[in-house]
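K.L.:
What follows is a structure written as structure tokens; I'll ask about it next.
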Amino acid sequence: MVLLKPVMEDCMATTATAAEEIQEVWKRYKADPANEQLRNALIERYFPLVKYNGERIWQRLPDGVELDDLVSAGVFGLMDAIDAFDMNRGVKFETYCVPRIRGAMLDELRTMDWVPRLVRSKASKLNEANKQLEIRLGRAPSLPELAEYMGLSIVELEKMKLEASAANLVSLDKKYYETDSYKDVREVDILEDKRGEDPTRRVAKSDIMRLVTKGLNKNERLIIILYYYEELTMKEIGATLDLSESRVSQMHSSIVQRLQEQLGRRRAEFNAIS
């Protein structure tokens, strides 16, 4: 206890000195508000408050919101608080600035969120009603059950679900999961494009085309490719090859008959592969 006393006294003295120094900075800054060096010293002194409040808000937010964005907004709130702070009111700056820092962060979140508050409210009510009914029924509720629980008609509920669905859109830049590599996997990297062509199907299609056109002369090969792959009509193929439509049709029938015979002889081979 005797040994701790000098240490505690030194700590208290250091704290008192730091408080006196920051108080002096405040006095000099209020006397000269244009002095950016003093203002930066105050920002640096109270920056941990910005980071602390930013982390507390960020922990309750969904994925996709960056902590750095909140901190940046909080710094602007801190700067406004420094400019507006009145030392003569007897209020500690820490107490005065926190609401302004948090307010700036919340304003930034509202700016980032393009979905109107009414839509968010509807989505929240819908989700809550769904959860309550699932707990009560032990299964997912049907549309009529949900409508009855919420006191709405089926038409009103469907309209509400349609409006609330806007709140469930996902950013394609959102991290799907983090990896050990230099690049994290994002939502857009794993999203299936149902309109895109399957590369395996393209390869199979190319293999079939080579198999089918093997042994054909140039004109015969072109007739097959233009008719089945480019989807041209017999008349258009004739104009391309400088042949009559009837001649193209005759050649096509002959080619198909030959291919059927060839593929028929190899049917056992195809069955073995499949």
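Chain lettering (A, B, ...) mirrors the order of the structure tokens, residue numbering begins at 1 for each chain separately, and ligand numbering begins at 1 in order of display.
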Need to verify the contact set: Met87 of chain A, 9 Å, only C-alpha atoms, exclusion of same-chain residues closer than 4 positions in sequence. Can you return it as an MDAnalysis selection string?

P.N.:
chainID A and resid 26:27 30 91:93

K.L.:
Filtering to N, CA and C atoms, could you give me those residues as a compact mmCIF listing (two decimals), in the first residue's frame?

P.N.:
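Done, and the output landed in again-v4.txt:
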```txt
# COMPACT_ATOMS: atom_id res chain seq x y z
N TRP A 26 -8.47 24.61 -25.32
CA TRP A 26 -9.84 25.09 -25.54
C TRP A 26 -9.90 26.63 -25.46
N LYS A 27 -9.27 27.18 -24.47
CA LYS A 27 -9.30 28.64 -24.28
C LYS A 27 -8.65 29.35 -25.47
N LYS A 30 -10.99 28.98 -28.63
CA LYS A 30 -12.17 29.84 -28.58
C LYS A 30 -11.79 31.31 -28.78
N VAL A 91 -20.65 22.58 -18.84
CA VAL A 91 -20.92 21.20 -19.28
C VAL A 91 -19.63 20.60 -19.82
N LYS A 92 -19.37 19.32 -19.48
CA LYS A 92 -18.18 18.65 -20.00
C LYS A 92 -18.34 18.45 -21.50
N PHE A 93 -17.26 18.65 -22.26
CA PHE A 93 -17.35 18.52 -23.71
C PHE A 93 -17.72 17.09 -24.11
```

K.L.:
Please measure the separation of atom CA of Leu67 of chain A and atom CA of Cys97 of chain A, giving the value in Å to one decimal.

P.N.:
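Atom-to-atom, atom CA of Leu67 of chain A and atom CA of Cys97 of chain A are spaced 19.3 Å apart.
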
K.L.:
Please identify all polymer residues within 12 Å of Ala31 of chain A, counting only C-alpha atoms, omitting same-chain residues fewer than 6 positions from it, and present them as a list in words.

P.N.:
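Contacts, in chain order: Glu24, Val25, Leu38, Arg39, Asp83, Asp86 and Met87 of chain A.
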
K.L.:
As a ChimeraX atom specification, please: every residue in segment 11-116 of chain A that DSSP puts in helix (DSSP H, G or I).

P.N.:
/A:11-31,36-58,67-84,87-89,93-112

K.L.:
Fewer than 3 positions away in the same chain doesn't count, so skip those; otherwise give me all residues within 8 Å of Phe76 of chain A, counting only C-alpha atoms, as a list in words.

P.N.:
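Non-adjacent residues within range: Ser72, Ala73, Met79, Asp80, Ile101 and Ala104 of chain A.
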
K.L.:
Restricted to C-alpha atoms, what would the selected residues look like written as a PDB file, in the first residue's frame?

P.N.:
```pdb
ATOM      1  CA  SER A  72     -15.919   9.692 -41.141  1.00  0.00           C
ATOM      2  CA  ALA A  73     -19.442  10.995 -40.501  1.00  0.00           C
ATOM      3  CA  MET A  79     -16.005  19.148 -35.691  1.00  0.00           C
ATOM      4  CA  ASP A  80     -19.465  20.747 -35.490  1.00  0.00           C
ATOM      5  CA  ILE A 101     -21.378  12.458 -33.076  1.00  0.00           C
ATOM      6  CA  ALA A 104     -24.081  12.632 -37.604  1.00  0.00           C
TER       7      ALA A 104
END
```
